[in-house]
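This is model-v3.cif. It holds mmCIF, C-alpha atoms.
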data_structure
#
loop_
_atom_site.group_PDB
_atom_site.id
_atom_site.type_symbol
_atom_site.label_atom_id
_atom_site.label_comp_id
_atom_site.auth_asym_id
_atom_site.auth_seq_id
_atom_site.Cartn_x
_atom_site.Cartn_y
_atom_site.Cartn_z
ATOM 1 C CA MET R 1 177.173 -129.678 241.693
ATOM 2 C CA ALA R 2 180.608 -128.616 240.466
ATOM 3 C CA THR R 3 182.779 -126.311 242.534
ATOM 4 C CA ARG R 4 183.323 -123.052 240.631
ATOM 5 C CA LYS R 5 186.769 -121.413 240.685
ATOM 6 C CA LYS R 6 188.323 -118.485 238.878
ATOM 7 C CA VAL R 7 191.778 -120.099 238.822
ATOM 8 C CA THR R 8 192.680 -123.759 239.127
ATOM 9 C CA ILE R 9 196.299 -124.900 239.130
ATOM 10 C CA LEU R 10 197.401 -128.430 238.307
ATOM 11 C CA GLY R 11 200.643 -129.315 240.069
ATOM 12 C CA SER R 12 202.419 -128.180 243.219
ATOM 13 C CA GLY R 13 206.048 -127.865 242.237
ATOM 14 C CA SER R 14 207.944 -124.615 241.949
ATOM 15 C CA ALA R 15 205.779 -123.382 239.052
ATOM 16 C CA GLY R 16 202.434 -124.362 240.540
ATOM 17 C CA LEU R 17 203.043 -122.933 244.001
ATOM 18 C CA THR R 18 204.475 -119.684 242.640
ATOM 19 C CA ALA R 19 201.384 -119.338 240.455
ATOM 20 C CA ALA R 20 199.261 -119.972 243.545
ATOM 21 C CA ILE R 21 201.053 -117.299 245.576
ATOM 22 C CA TYR R 22 200.517 -114.665 242.882
ATOM 23 C CA ALA R 23 196.916 -115.655 242.178
ATOM 24 C CA ALA R 24 196.052 -115.730 245.869
ATOM 25 C CA ARG R 25 197.579 -112.304 246.462
ATOM 26 C CA ALA R 26 195.374 -111.041 243.629
ATOM 27 C CA ASN R 27 192.316 -112.288 245.587
ATOM 28 C CA LEU R 28 191.539 -114.935 242.963
ATOM 29 C CA GLU R 29 191.222 -117.694 245.601
ATOM 30 C CA PRO R 30 193.076 -120.301 243.534
ATOM 31 C CA LEU R 31 192.659 -124.032 243.921
ATOM 32 C CA VAL R 32 195.773 -126.194 243.594
ATOM 33 C CA ILE R 33 195.420 -129.865 242.755
ATOM 34 C CA ARG R 34 198.705 -130.967 244.296
ATOM 35 C CA GLY R 35 199.034 -134.436 242.810
ATOM 36 C CA LEU R 36 200.101 -137.552 244.660
ATOM 37 C CA GLN R 37 203.770 -136.493 244.419
ATOM 38 C CA ALA R 38 203.119 -133.130 246.027
ATOM 39 C CA GLY R 39 206.004 -130.731 245.536
ATOM 40 C CA GLY R 40 207.262 -132.281 242.327
ATOM 41 C CA GLN R 41 210.827 -133.321 241.578
ATOM 42 C CA LEU R 42 212.355 -131.091 244.256
ATOM 43 C CA THR R 43 210.918 -133.398 246.914
ATOM 44 C CA ILE R 44 213.415 -136.082 245.823
ATOM 45 C CA THR R 45 216.325 -133.632 245.806
ATOM 46 C CA THR R 46 218.564 -133.113 248.822
ATOM 47 C CA ASP R 47 220.603 -129.891 248.823
ATOM 48 C CA VAL R 48 219.384 -127.043 246.601
ATOM 49 C CA GLU R 49 222.098 -124.397 246.365
ATOM 50 C CA ASN R 50 221.109 -122.534 243.206
ATOM 51 C CA PHE R 51 217.739 -121.132 244.304
ATOM 52 C CA PRO R 52 218.128 -117.404 245.134
ATOM 53 C CA GLY R 53 217.681 -116.358 248.735
ATOM 54 C CA PHE R 54 219.332 -119.317 250.430
ATOM 55 C CA PRO R 55 223.088 -118.605 250.644
ATOM 56 C CA GLU R 56 223.686 -121.758 252.687
ATOM 57 C CA GLY R 57 221.430 -123.865 250.493
ATOM 58 C CA ILE R 58 218.167 -125.561 251.439
ATOM 59 C CA GLN R 59 216.818 -129.096 251.293
ATOM 60 C CA GLY R 60 214.478 -129.653 248.338
ATOM 61 C CA PRO R 61 211.540 -130.906 250.458
ATOM 62 C CA GLU R 62 211.996 -127.979 252.855
ATOM 63 C CA LEU R 63 211.931 -125.458 249.997
ATOM 64 C CA MET R 64 208.691 -126.928 248.672
ATOM 65 C CA GLU R 65 207.177 -126.954 252.174
ATOM 66 C CA GLU R 66 208.000 -123.246 252.550
ATOM 67 C CA MET R 67 206.390 -122.476 249.170
ATOM 68 C CA TYR R 68 203.322 -124.492 250.152
ATOM 69 C CA ASN R 69 202.989 -122.631 253.462
ATOM 70 C CA GLN R 70 203.362 -119.289 251.688
ATOM 71 C CA ALA R 71 200.635 -120.128 249.178
ATOM 72 C CA LYS R 72 198.382 -121.413 251.970
ATOM 73 C CA ARG R 73 198.933 -118.261 254.011
ATOM 74 C CA PHE R 74 197.358 -116.152 251.274
ATOM 75 C CA GLY R 75 194.273 -118.353 251.045
ATOM 76 C CA THR R 76 195.109 -120.970 248.421
ATOM 77 C CA GLN R 77 192.947 -124.084 248.616
ATOM 78 C CA PHE R 78 194.404 -127.536 247.993
ATOM 79 C CA ILE R 79 193.264 -130.975 246.880
ATOM 80 C CA ASP R 80 195.817 -133.668 247.719
ATOM 81 C CA ASP R 81 195.121 -135.902 244.751
ATOM 82 C CA ASP R 82 195.853 -136.294 241.065
ATOM 83 C CA ALA R 83 193.620 -134.773 238.414
ATOM 84 C CA GLU R 84 191.711 -137.665 236.851
ATOM 85 C CA ALA R 85 190.255 -135.913 233.815
ATOM 86 C CA VAL R 86 190.228 -132.494 232.172
ATOM 87 C CA ASP R 87 187.753 -131.124 229.645
ATOM 88 C CA LEU R 88 189.092 -128.111 227.749
ATOM 89 C CA SER R 89 186.456 -128.104 225.003
ATOM 90 C CA LYS R 90 184.736 -124.992 226.379
ATOM 91 C CA ARG R 91 184.955 -122.422 229.171
ATOM 92 C CA PRO R 92 184.532 -122.794 232.021
ATOM 93 C CA PHE R 93 186.837 -125.781 231.862
ATOM 94 C CA VAL R 94 186.091 -128.886 233.909
ATOM 95 C CA VAL R 95 188.597 -130.747 236.070
ATOM 96 C CA ARG R 96 187.859 -133.928 238.018
ATOM 97 C CA ALA R 97 190.049 -134.695 241.014
ATOM 98 C CA GLY R 98 189.637 -136.408 244.368
ATOM 99 C CA GLY R 99 186.036 -137.315 243.620
ATOM 100 C CA GLN R 100 185.177 -133.675 242.950
ATOM 101 C CA GLU R 101 184.254 -131.795 239.790
ATOM 102 C CA ILE R 102 185.758 -128.334 239.472
ATOM 103 C CA SER R 103 184.483 -125.792 236.981
ATOM 104 C CA THR R 104 187.165 -123.174 236.368
ATOM 105 C CA ASP R 105 187.384 -119.955 234.366
ATOM 106 C CA THR R 106 191.137 -120.328 233.874
ATOM 107 C CA LEU R 107 193.489 -123.278 234.174
ATOM 108 C CA ILE R 108 197.238 -123.149 234.863
ATOM 109 C CA ILE R 109 198.995 -126.405 234.023
ATOM 110 C CA CYS R 110 202.145 -127.038 236.059
ATOM 111 C CA THR R 111 202.261 -130.826 235.971
ATOM 112 C CA GLY R 112 205.990 -130.892 235.235
ATOM 113 C CA ALA R 113 208.067 -133.574 233.579
ATOM 114 C CA SER R 114 209.376 -136.800 235.008
ATOM 115 C CA ALA R 115 212.927 -137.977 234.470
ATOM 116 C CA LYS R 116 213.019 -141.301 232.690
ATOM 117 C CA LEU R 117 214.709 -143.745 235.021
ATOM 118 C CA LEU R 118 216.197 -147.203 234.733
ATOM 119 C CA GLY R 119 213.704 -148.773 237.114
ATOM 120 C CA LEU R 120 216.246 -150.260 239.513
ATOM 121 C CA PRO R 121 215.349 -150.459 243.225
ATOM 122 C CA SER R 122 218.803 -149.077 244.085
ATOM 123 C CA GLU R 123 218.225 -146.131 241.757
ATOM 124 C CA SER R 124 215.136 -144.936 243.619
ATOM 125 C CA LYS R 125 216.610 -145.771 247.023
ATOM 126 C CA LEU R 126 219.797 -143.776 246.366
ATOM 127 C CA MET R 127 218.150 -140.863 244.519
ATOM 128 C CA GLY R 128 219.525 -137.736 246.167
ATOM 129 C CA HIS R 129 222.265 -139.780 247.842
ATOM 130 C CA GLY R 130 224.637 -140.113 244.919
ATOM 131 C CA VAL R 131 222.076 -140.815 242.197
ATOM 132 C CA SER R 132 220.757 -137.795 240.309
ATOM 133 C CA ALA R 133 218.828 -136.934 237.174
ATOM 134 C CA CYS R 134 220.126 -133.344 236.968
ATOM 135 C CA ALA R 135 223.809 -132.477 236.580
ATOM 136 C CA THR R 136 223.071 -128.739 236.714
ATOM 137 C CA CYS R 137 221.344 -129.219 240.062
ATOM 138 C CA ASP R 138 223.790 -131.586 241.710
ATOM 139 C CA GLY R 139 227.111 -131.459 239.871
ATOM 140 C CA PHE R 140 228.618 -129.089 242.426
ATOM 141 C CA PHE R 141 228.468 -131.804 245.094
ATOM 142 C CA PHE R 142 230.835 -134.065 243.166
ATOM 143 C CA LYS R 143 234.029 -132.022 243.237
ATOM 144 C CA ASP R 144 237.032 -134.274 242.623
ATOM 145 C CA LYS R 145 234.768 -137.343 242.523
ATOM 146 C CA GLU R 146 234.397 -140.148 239.976
ATOM 147 C CA VAL R 147 230.938 -140.165 238.416
ATOM 148 C CA PHE R 148 229.070 -142.085 235.745
ATOM 149 C CA VAL R 149 226.536 -140.708 233.264
ATOM 150 C CA VAL R 150 224.010 -143.173 231.815
ATOM 151 C CA GLY R 151 222.684 -142.343 228.347
ATOM 152 C CA GLY R 152 223.691 -141.853 224.748
ATOM 153 C CA GLY R 153 221.876 -138.768 223.513
ATOM 154 C CA ASP R 154 222.763 -135.079 223.437
ATOM 155 C CA THR R 155 221.452 -134.650 226.986
ATOM 156 C CA ALA R 156 223.784 -137.341 228.337
ATOM 157 C CA LEU R 157 226.847 -135.859 226.667
ATOM 158 C CA GLU R 158 225.897 -132.327 227.702
ATOM 159 C CA GLU R 159 225.553 -133.567 231.293
ATOM 160 C CA ALA R 160 228.925 -135.296 231.038
ATOM 161 C CA MET R 161 230.592 -132.143 229.703
ATOM 162 C CA PHE R 162 229.069 -130.077 232.498
ATOM 163 C CA LEU R 163 230.195 -132.539 235.169
ATOM 164 C CA THR R 164 233.840 -132.270 234.064
ATOM 165 C CA ARG R 165 233.816 -128.831 235.720
ATOM 166 C CA PHE R 166 233.656 -130.604 239.068
ATOM 167 C CA ALA R 167 234.386 -134.335 238.851
ATOM 168 C CA SER R 168 237.867 -135.781 238.498
ATOM 169 C CA GLN R 169 236.556 -138.318 235.980
ATOM 170 C CA VAL R 170 233.281 -138.784 234.112
ATOM 171 C CA THR R 171 232.427 -142.120 232.496
ATOM 172 C CA VAL R 172 229.573 -142.282 229.990
ATOM 173 C CA VAL R 173 227.736 -145.619 229.882
ATOM 174 C CA HIS R 174 225.597 -146.364 226.827
ATOM 175 C CA ARG R 175 223.691 -149.525 225.997
ATOM 176 C CA ARG R 176 224.592 -149.401 222.301
ATOM 177 C CA ASP R 177 227.914 -149.259 220.464
ATOM 178 C CA THR R 178 226.994 -145.984 218.743
ATOM 179 C CA PHE R 179 225.575 -142.741 220.123
ATOM 180 C CA ARG R 180 222.200 -141.162 219.409
ATOM 181 C CA ALA R 181 223.785 -137.775 220.104
ATOM 182 C CA SER R 182 224.708 -135.354 217.335
ATOM 183 C CA ALA R 183 228.135 -135.785 215.761
ATOM 184 C CA ILE R 184 229.350 -132.450 217.110
ATOM 185 C CA MET R 185 228.423 -133.391 220.689
ATOM 186 C CA VAL R 186 230.159 -136.756 220.358
ATOM 187 C CA SER R 187 233.253 -135.034 218.986
ATOM 188 C CA ARG R 188 233.349 -132.515 221.836
ATOM 189 C CA ALA R 189 232.934 -135.203 224.463
ATOM 190 C CA LYS R 190 235.657 -137.375 222.977
ATOM 191 C CA GLN R 191 238.048 -134.438 222.980
ATOM 192 C CA ASN R 192 237.568 -133.907 226.707
ATOM 193 C CA LYS R 193 240.309 -135.756 228.579
ATOM 194 C CA LYS R 194 238.152 -136.158 231.675
ATOM 195 C CA ILE R 195 235.497 -138.199 229.837
ATOM 196 C CA LYS R 196 235.727 -141.953 229.299
ATOM 197 C CA PHE R 197 233.226 -144.208 227.526
ATOM 198 C CA ILE R 198 231.858 -147.666 228.196
ATOM 199 C CA LEU R 199 229.654 -148.662 225.269
ATOM 200 C CA ASP R 200 227.479 -151.719 224.670
ATOM 201 C CA HIS R 201 226.752 -151.993 228.402
ATOM 202 C CA THR R 202 223.630 -151.683 230.523
ATOM 203 C CA VAL R 203 223.405 -150.825 234.210
ATOM 204 C CA GLU R 204 222.762 -153.952 236.239
ATOM 205 C CA ASP R 205 222.807 -152.285 239.646
ATOM 206 C CA ILE R 206 223.991 -149.250 241.617
ATOM 207 C CA GLU R 207 225.805 -149.929 244.896
ATOM 208 C CA ASP R 208 225.443 -149.675 247.844
ATOM 209 C CA MET R 209 221.889 -149.488 249.212
ATOM 210 C CA SER R 210 222.966 -150.899 252.590
ATOM 211 C CA LYS R 211 225.317 -147.942 253.102
ATOM 212 C CA GLY R 212 222.792 -145.402 251.862
ATOM 213 C CA GLU R 213 225.232 -143.893 249.345
ATOM 214 C CA VAL R 214 226.703 -144.634 245.945
ATOM 215 C CA THR R 215 229.930 -146.618 246.151
ATOM 216 C CA GLY R 216 229.973 -148.333 242.768
ATOM 217 C CA ILE R 217 228.151 -149.374 239.640
ATOM 218 C CA LYS R 218 227.586 -152.840 238.173
ATOM 219 C CA LEU R 219 227.443 -153.092 234.366
ATOM 220 C CA ARG R 220 226.416 -155.918 232.039
ATOM 221 C CA HIS R 221 227.880 -156.306 228.548
ATOM 222 C CA ALA R 222 225.039 -156.312 226.047
ATOM 223 C CA GLN R 223 226.528 -159.112 223.941
ATOM 224 C CA THR R 224 228.382 -161.398 226.365
ATOM 225 C CA ASN R 225 226.362 -160.698 229.562
ATOM 226 C CA LYS R 226 229.672 -160.367 231.414
ATOM 227 C CA ILE R 227 229.281 -158.389 234.651
ATOM 228 C CA SER R 228 231.812 -155.681 235.530
ATOM 229 C CA HIS R 229 232.129 -153.640 238.731
ATOM 230 C CA TYR R 230 233.437 -150.078 238.879
ATOM 231 C CA PRO R 231 233.922 -147.791 241.877
ATOM 232 C CA ALA R 232 231.752 -144.667 241.657
ATOM 233 C CA ASP R 233 230.860 -141.690 243.815
ATOM 234 C CA GLY R 234 227.835 -140.684 241.777
ATOM 235 C CA VAL R 235 225.563 -141.856 238.978
ATOM 236 C CA PHE R 236 223.649 -139.412 236.761
ATOM 237 C CA ILE R 237 220.704 -140.795 234.811
ATOM 238 C CA ALA R 238 220.387 -138.927 231.507
ATOM 239 C CA ILE R 239 218.042 -140.970 229.356
ATOM 240 C CA GLY R 240 215.537 -138.171 228.892
ATOM 241 C CA HIS R 241 212.422 -136.644 230.439
ATOM 242 C CA LYS R 242 208.750 -137.314 229.830
ATOM 243 C CA PRO R 243 206.395 -134.340 230.219
ATOM 244 C CA ASN R 244 203.313 -135.142 232.262
ATOM 245 C CA THR R 245 200.816 -134.291 229.552
ATOM 246 C CA ASP R 246 198.727 -137.459 229.179
ATOM 247 C CA LEU R 247 195.598 -135.599 230.329
ATOM 248 C CA PHE R 248 195.937 -133.064 227.530
ATOM 249 C CA GLN R 249 196.442 -135.330 224.526
ATOM 250 C CA LYS R 250 194.233 -134.211 221.614
ATOM 251 C CA GLN R 251 193.151 -131.152 223.630
ATOM 252 C CA LEU R 252 196.244 -128.939 223.609
ATOM 253 C CA LYS R 253 198.914 -128.428 221.004
ATOM 254 C CA LEU R 254 201.978 -130.467 221.977
ATOM 255 C CA THR R 255 205.484 -130.784 220.577
ATOM 256 C CA GLU R 256 206.674 -134.032 219.000
ATOM 257 C CA THR R 257 208.186 -134.970 222.355
ATOM 258 C CA GLY R 258 204.960 -134.233 224.243
ATOM 259 C CA TYR R 259 205.654 -130.820 225.797
ATOM 260 C CA ILE R 260 202.885 -128.209 225.766
ATOM 261 C CA VAL R 261 203.428 -125.599 223.068
ATOM 262 C CA THR R 262 203.212 -122.088 224.505
ATOM 263 C CA ASP R 263 203.539 -118.491 223.436
ATOM 264 C CA GLY R 264 205.155 -117.276 226.623
ATOM 265 C CA VAL R 265 202.857 -119.173 228.973
ATOM 266 C CA LYS R 266 199.735 -119.058 226.781
ATOM 267 C CA THR R 267 198.576 -122.290 225.172
ATOM 268 C CA ASN R 268 196.503 -122.568 222.001
ATOM 269 C CA ILE R 269 193.319 -122.419 224.125
ATOM 270 C CA LYS R 270 192.296 -119.078 225.614
ATOM 271 C CA GLY R 271 192.257 -119.251 229.386
ATOM 272 C CA VAL R 272 194.620 -122.220 229.591
ATOM 273 C CA PHE R 273 198.210 -121.489 230.590
ATOM 274 C CA ALA R 274 201.220 -123.747 231.108
ATOM 275 C CA ALA R 275 204.310 -123.136 233.227
ATOM 276 C CA GLY R 276 207.401 -124.985 234.334
ATOM 277 C CA ASP R 277 208.854 -128.225 233.040
ATOM 278 C CA VAL R 278 205.611 -129.263 231.332
ATOM 279 C CA GLN R 279 206.364 -126.645 228.653
ATOM 280 C CA ASP R 280 210.088 -126.063 229.183
ATOM 281 C CA GLU R 281 212.229 -128.622 227.390
ATOM 282 C CA LEU R 282 215.369 -126.495 227.630
ATOM 283 C CA TYR R 283 216.108 -125.062 231.086
ATOM 284 C CA ARG R 284 214.204 -127.312 233.516
ATOM 285 C CA GLN R 285 215.284 -125.411 236.639
ATOM 286 C CA ALA R 286 213.297 -124.608 239.780
ATOM 287 C CA ILE R 287 213.890 -120.883 239.380
ATOM 288 C CA THR R 288 212.802 -120.748 235.717
ATOM 289 C CA ALA R 289 209.733 -122.796 236.628
ATOM 290 C CA ALA R 290 208.915 -120.324 239.400
ATOM 291 C CA GLY R 291 209.271 -117.414 236.986
ATOM 292 C CA SER R 292 206.932 -118.960 234.449
ATOM 293 C CA GLY R 293 204.461 -119.790 237.235
ATOM 294 C CA CYS R 294 204.416 -116.102 238.151
ATOM 295 C CA ALA R 295 203.835 -115.175 234.506
ATOM 296 C CA ALA R 296 200.972 -117.661 234.168
ATOM 297 C CA ALA R 297 199.218 -116.293 237.252
ATOM 298 C CA LEU R 298 199.565 -112.727 235.992
ATOM 299 C CA GLU R 299 198.206 -113.693 232.558
ATOM 300 C CA ALA R 300 195.225 -115.405 234.192
ATOM 301 C CA GLN R 301 194.627 -112.348 236.380
ATOM 302 C CA TRP R 302 194.796 -109.963 233.416
ATOM 303 C CA LEU R 303 192.455 -112.119 231.356
ATOM 304 C CA LEU R 304 189.872 -112.287 234.127
ATOM 305 C CA GLU R 305 190.122 -108.561 234.840
ATOM 306 C CA GLY R 306 189.737 -107.759 231.156
ATOM 307 C CA GLU R 307 186.644 -109.931 230.909
ATOM 308 C CA GLU R 308 185.096 -108.212 233.933
ATOM 309 C CA HIS R 309 185.235 -104.928 232.042
ATOM 310 C CA HIS R 310 184.554 -106.401 228.598
ATOM 311 C CA PRO R 311 182.573 -109.648 228.990
ATOM 312 C CA PRO R 312 182.793 -112.200 226.167
ATOM 313 C CA VAL R 313 179.971 -112.062 223.577
ATOM 314 C CA GLU R 314 178.301 -115.150 225.112
ATOM 315 C CA ALA R 315 178.191 -113.468 228.546
ATOM 316 C CA GLN R 316 176.821 -110.254 227.081
ATOM 317 C CA GLU R 317 174.021 -112.169 225.338
ATOM 318 C CA LYS R 318 173.207 -114.010 228.585
ATOM 319 C CA GLN R 319 172.987 -110.685 230.472
ATOM 320 C CA THR R 320 170.640 -109.270 227.823
ATOM 321 C CA LEU R 321 168.346 -112.295 228.040
ATOM 322 C CA THR R 322 168.048 -112.062 231.827
ATOM 323 C CA ARG R 323 167.137 -108.389 231.931
#

Using structure tokens, write down the structure from this file.
Amino acid sequence: MATRKKVTILGSGSAGLTAAIYAARANLEPLVIRGLQAGGQLTITTDVENFPGFPEGIQGPELMEEMYNQAKRFGTQFIDDDAEAVDLSKRPFVVRAGGQEISTDTLIICTGASAKLLGLPSESKLMGHGVSACATCDGFFFKDKEVFVVGGGDTALEEAMFLTRFASQVTVVHRRDTFRASAIMVSRAKQNKKIKFILDHTVEDIEDMSKGEVTGIKLRHAQTNKISHYPADGVFIAIGHKPNTDLFQKQLKLTETGYIVTDGVKTNIKGVFAAGDVQDELYRQAITAAGSGCAAALEAQWLLEGEEHHPPVEAQEKQTLTR
């Protein structure tokens, strides 16, 4: 028999846990399916200095642990597993996770987006220790440092421009000899004296895993295969993000790049809401994710309260038949 919930939340990052806190305080007894990477992208971040309320900063994993404890305090239930399948064809919706089947009146999707990475062992090992996928999050820590940005699209050049506020030099590495970025972004970047370019090169390795920090970058020329070494204090990966929306293909309306289309936090299916990076292609910050998680929980609460006073036609017919 399926477990019945009023509110089920997919994801346990900033958006998901904020949604849980609000839903739990509204006595909706939410269930959070945390996912195998519980806490989302902030769990692979070191210092977080732009989240309000922490003037001295806070470690990403610690921030997510505090949010988790706060949600748990108000009665949120958790499943420490990934959602395996979701059926949004009718309400209540059905979610399968951890060998359980959950029937839920409302669903809040906070599955986030994953930064596309190069796939190097050194990249994952040094993530948060000189390697980053978010200049806005981590640029401050590279004052007067030499950093590299990997990528050739608008995002890469925007990250490079942002990093010039802090770094002494920013070098953009791109695997092709031309950029995918818009002409205006390329022009702006080329006019910035702090930005250099190394084109037609791929990243062979990031050094130095043995020291536990970034000390350099190894590049391979795409045509000649010649290896070059450059000293570096930081490497920013800016080759894009992939929203975690595989479960919702052909069920929810998505953008061309795979993000969930929302009106505020409402999706095209009544009772299904989306918050955080899974629907935010622009800001992608912990605080904006938290705000949208709050909004999603409130929308779910208001929908459920409205239906208590004005049941859907199907529910009214069922009540009539049972009298």

Atomic distance atom CA of Ala300 of chain R - atom CA of Phe273 of chain R, expressed in Å with one decimal: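 Calculated distance between atom CA of Ala300 of chain R and atom CA of Phe273 of chain R is 7.7 Å.
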
Apply the PyMOL selection byres ((chain R and resi 2) around 10) to the file shown and report the selected residues as a list in words.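 Applied to this file, the PyMOL selection byres ((chain R and resi 2) around 10) returns Met1, Thr3, Arg4, Lys5, Val94, Val95, Arg96, Gln100, Glu101, Ile102, Ser103 and Thr104 of chain R.
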
Would you give the centre and edge lengths, in Å to one decimal, of a box along x, y and z around the listed atoms of segment 183-196 of chain R, with 5 Å added to each side, as AutoDock Vina command-line options?
--center_x 234.2 --center_y -137.2 --center_z 223.7 --size_x 22.2 --size_y 19.5 --size_z 25.9

With a distance cut-off of 9 Å and all atoms listed in the file, select the neighbouring residues of segment 226-242 of chain R, excluding the residue or stretch itself and same-chain residues fewer than 5 positions from it, and output the selection as a PyMOL selection string. chain R and resi 112-118+123+129-135+142+145-153+155-157+159-160+204+206-207+213-221+257-259+278+281

Resolved residues for the PyMOL selection byres ((chain R and resi 195-202) around 6) as a ChimeraX atom specification: /R:170-177,192-194,203,219-222

Which of R:Ser124, R:Thr43, R:Thr136, R:Thr106 sits closest to Arg91 of chain R [using only C-alpha atoms]: R:Thr106

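When only C-alpha atoms are used to measure the gap to Asn27 of chain R, the shortest distance among R:Val272, R:Ala183, R:Met161, R:Ala71 belongs to R:Ala71.
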
Nearby residues (only C-alpha atoms) at most 7 Å from Ala19 of chain R, same-chain spacing under 2 positions excluded, as a list of chain:residue names: R:Ala15, R:Gly16, R:Leu17, R:Ile21, R:Tyr22, R:Ala23, R:Gly293, R:Cys294, R:Ala296, R:Ala297

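Nearest to Glu158 of chain R of all the residues R:Ser187, R:Thr267, R:Thr18, R:Gln59 is R:Ser187, based on only C-alpha atoms.
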